[in-house]
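First the structure, in the form of structure tokens, and then the observations on it.
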Amino acid sequence: MNIAKQKDGSVYINALQIFGVDGLNEESKKKALDIGKNETKHIVKFLNEHFPGFEQAKIASYPSELYIRETRHIKAEYQLPMSDLWENRDHWDSIALGGYPVDIQATSTADYGYVLAVPTQYAIPFRSLVPLEIDGLLIASKAAGYDSLAAGSARVVPTGMSVAQAAGVASAMSIEHQINFREMSKDKSLITTLQKKLKKQGAHLFHFDLDYPYQNEWYYPAIKKLLSLGVIKGGYENKLPVDEPMINDDFVRIISAIERVFPDKGVENVNEVTSLLTDKEKTLTRDQAAQLILKAIGIDCLENEAWQKAKELGIVDETLNQRLPENREILTSEGYQLFYLLFKQGKNF
């Protein structure tokens with residue numbers, strides 16, 4: 001719950017999540033707003049009873065609309081990926097900077113959500129505002145060219161205000177120079193002019209070069225891939241358990257992505273593997289991990305034959321084989337690499 005005191009003495013409270021809302025349906029949104037109003041009464045009652053100073057608090061007003069985190073994302077000339085946020089990436093055509101934590105909030109009462117990462121800062125390129133197939137339009141909102149996970153950070157209002165300011169300046173420039181937005185997005189001279197105009201207006205915009213976590217580690221490509229799938233999380237410290245034994249809970253979270261990477265495989269095999277790993281803190285050996293991964297994609301084999309089979313299928317590369325010449329407990333970094341090599345195979349299975 002967030003509480004913010006206003007200059008007039010009133011208090012704004014941000015405390016609700018309402019699930020099952022279709023953000024593209026007016027009737028669904030109206031129903032959700034009514035649910036929110038009813039829930040607010042319970043929050044005020046709680047504050048009256050438990051928060052000193054709120055004993056006489058009452059509802060002054062309700063919001064006129066919902067804050068909907070996400071509906072559609074327009075496909076743009078550049079789709080801002082999660083990896084840009086993790087890598088604190090700059091762009092030649094940056095028109096705004098972001099840095100808010102990538103908080104993936106709950107989508108049901110059975111889900112608590114999580115923080116995927118906390119970037120130092122990243123650039124939003126002008127290209128992310130330019131739709132792929134629509135001319136004469138800039139998308140300066142949460143619906144801009146952001147991947148769904150990246151939007152967990154880029155969605156916030158201050159970032160949106162910066163993006164909208166850039167869109168306004170670019171619109172004026174398109175008229176002045178008689179050029180469409182797509183052509184502008186490829187013109188380095190005009191983008192430099194756009195950036196100079198924004199700085200003159202007070203925009204905090206500059207180029208930068210920053211390091212990022214696990215940058216030169218042998219398993220970093222695996223981290224990059226698994227972050228893009230949203231199946232590993234760095235939390236507020238951008239820390240992953242790479243040097244610790246891989247536990248069942250982490251294995252299950254990653255294996256759930258198989259049905260997205262291999263949609264033709266269905267979910268039956270993944271569900272069967274998940275049902276076998278009920279002890280969340282239990283660790284896995286090399287051969288067990290290989291056997292379960294193979295089972296999840298519909299390949300049955302004995303545990304002591306699984307590693308060799310995985311090598312034949314390209315799920316084990318030379319680096320991983322050298323690190324794991326014998327059957328032992330696998331580290332999380334090694335587990336990441338197993339999944340990365342599996343997902344890299346695409347439709348080969």
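Naming works like this for the structure tokens: A, B, ... for the chains as they're shown, residue 1 at the start of each chain, ligands 1 onward in shown order.
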What lies within 9 Å of region 297-300 of chain A using only C-alpha atoms, ignoring chain neighbours under 6 positions off, as a list in words?
Ile258, Glu259, Phe262, Lys265, Gly266, Asn269, Val270, Gln291, Ala306 and Phe349 of chain A
Give one line per residue of region 125-236 of chain A that approaches region 84-95 of chain A to at most 6 Å, naming the two atoms of the closest pair and their distance in Å to one decimal, counting only C-alpha atoms; sort by chain then ascending residue number and deliver it as a Markdown table.
```
| residue | atom | partner | partner_atom | distance |
| --- | --- | --- | --- | --- |
| A:Pro125 | CA | A:Ser94 | CA | 4.1 |
| A:Phe126 | CA | A:Asp93 | CA | 5.7 |
| A:Tyr212 | CA | A:Glu87 | CA | 5.1 |
```
Write the residues you've just listed into a file as an mmCIF file, in the first residue's frame, and include all heavy atoms for each of them.
```
data_model
loop_
_atom_site.group_PDB
_atom_site.id
_atom_site.type_symbol
_atom_site.label_atom_id
_atom_site.label_comp_id
_atom_site.auth_asym_id
_atom_site.auth_seq_id
_atom_site.Cartn_x
_atom_site.Cartn_y
_atom_site.Cartn_z
ATOM 1 N N PRO A 125 14.408 4.427 -27.419
ATOM 2 C CA PRO A 125 14.703 5.011 -28.736
ATOM 3 C C PRO A 125 13.454 5.572 -29.413
ATOM 4 O O PRO A 125 12.336 5.091 -29.175
ATOM 5 C CB PRO A 125 15.269 3.828 -29.521
ATOM 6 C CG PRO A 125 14.670 2.617 -28.885
ATOM 7 C CD PRO A 125 14.462 2.951 -27.430
ATOM 8 N N PHE A 126 13.658 6.566 -30.235
ATOM 9 C CA PHE A 126 12.550 7.140 -30.999
ATOM 10 C C PHE A 126 11.841 6.071 -31.824
ATOM 11 O O PHE A 126 10.622 6.103 -31.990
ATOM 12 C CB PHE A 126 13.078 8.251 -31.907
ATOM 13 C CG PHE A 126 12.013 8.902 -32.741
ATOM 14 C CD1 PHE A 126 11.044 9.705 -32.160
ATOM 15 C CD2 PHE A 126 11.969 8.719 -34.116
ATOM 16 C CE1 PHE A 126 10.046 10.306 -32.930
ATOM 17 C CE2 PHE A 126 10.987 9.307 -34.896
ATOM 18 C CZ PHE A 126 10.020 10.111 -34.292
ATOM 19 N N TYR A 212 26.820 -4.012 -16.535
ATOM 20 C CA TYR A 212 25.613 -4.672 -16.054
ATOM 21 C C TYR A 212 25.979 -6.014 -15.424
ATOM 22 O O TYR A 212 27.065 -6.548 -15.656
ATOM 23 C CB TYR A 212 24.597 -4.861 -17.189
ATOM 24 C CG TYR A 212 25.126 -5.567 -18.410
ATOM 25 C CD1 TYR A 212 25.089 -6.961 -18.511
ATOM 26 C CD2 TYR A 212 25.659 -4.853 -19.482
ATOM 27 C CE1 TYR A 212 25.573 -7.612 -19.640
ATOM 28 C CE2 TYR A 212 26.141 -5.496 -20.610
ATOM 29 C CZ TYR A 212 26.092 -6.878 -20.676
ATOM 30 O OH TYR A 212 26.570 -7.517 -21.783
#
```
Distance CA of Gly36 (chain A)-CA of Gly160 (chain A), one decimal place?
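Interatomic distance here is 24.6 Å.
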Set the distance at 12 Å and use only C-alpha atoms: which residues neighbour region 45-52 of chain A once local chain neighbours fewer than 6 positions away are removed? I'd like the list as a count of residues only.
8
Best match for closeness to Leu137 (chain A) among A:Asn25, A:Phe181, A:Tyr112, A:Val169, counting only C-alpha atoms:
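Once distances to Leu137 (chain A) are computed over only C-alpha atoms, the minimum belongs to A:Phe181.
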Name the residues in contact with Leu292 (chain A) at a cut-off of 10 Å, using only C-alpha atoms, excluding same-chain residues fewer than 2 positions from it; report them as number ranges by chain.
A: 251, 255, 269-270, 272-274, 276-277, 284, 287-290, 294-301, 303, 306
For the atom pair CA of Pro325 (chain A) and CA of Gln308 (chain A), what is the interatomic distance in Å to one decimal place?
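Separating CA of Pro325 (chain A) from CA of Gln308 (chain A) is a distance of 10.9 Å.
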Separation of CA of Ser153 (chain A) from CA of Ile247 (chain A), in Å and rounded to one decimal
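Between CA of Ser153 (chain A) and CA of Ile247 (chain A) the gap works out to 28.4 Å.
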Taking only region 28-264 of chain A into account, list the residues labelled helix (DSSP H, G or I) by DSSP (computed from the backbone), as a PyMOL selection string.
chain A and resi 28-50+82-86+126-129+151-154+157-177+181-184+188-200+220-229+235-237+248-255+258-261+263-264
So that I can see what lies close to Val130 (chain A), please list as a count of residues only the residues with an atom at most 7 Å from it, counting only C-alpha atoms and leaving out residues fewer than 5 positions away in the same chain.
7
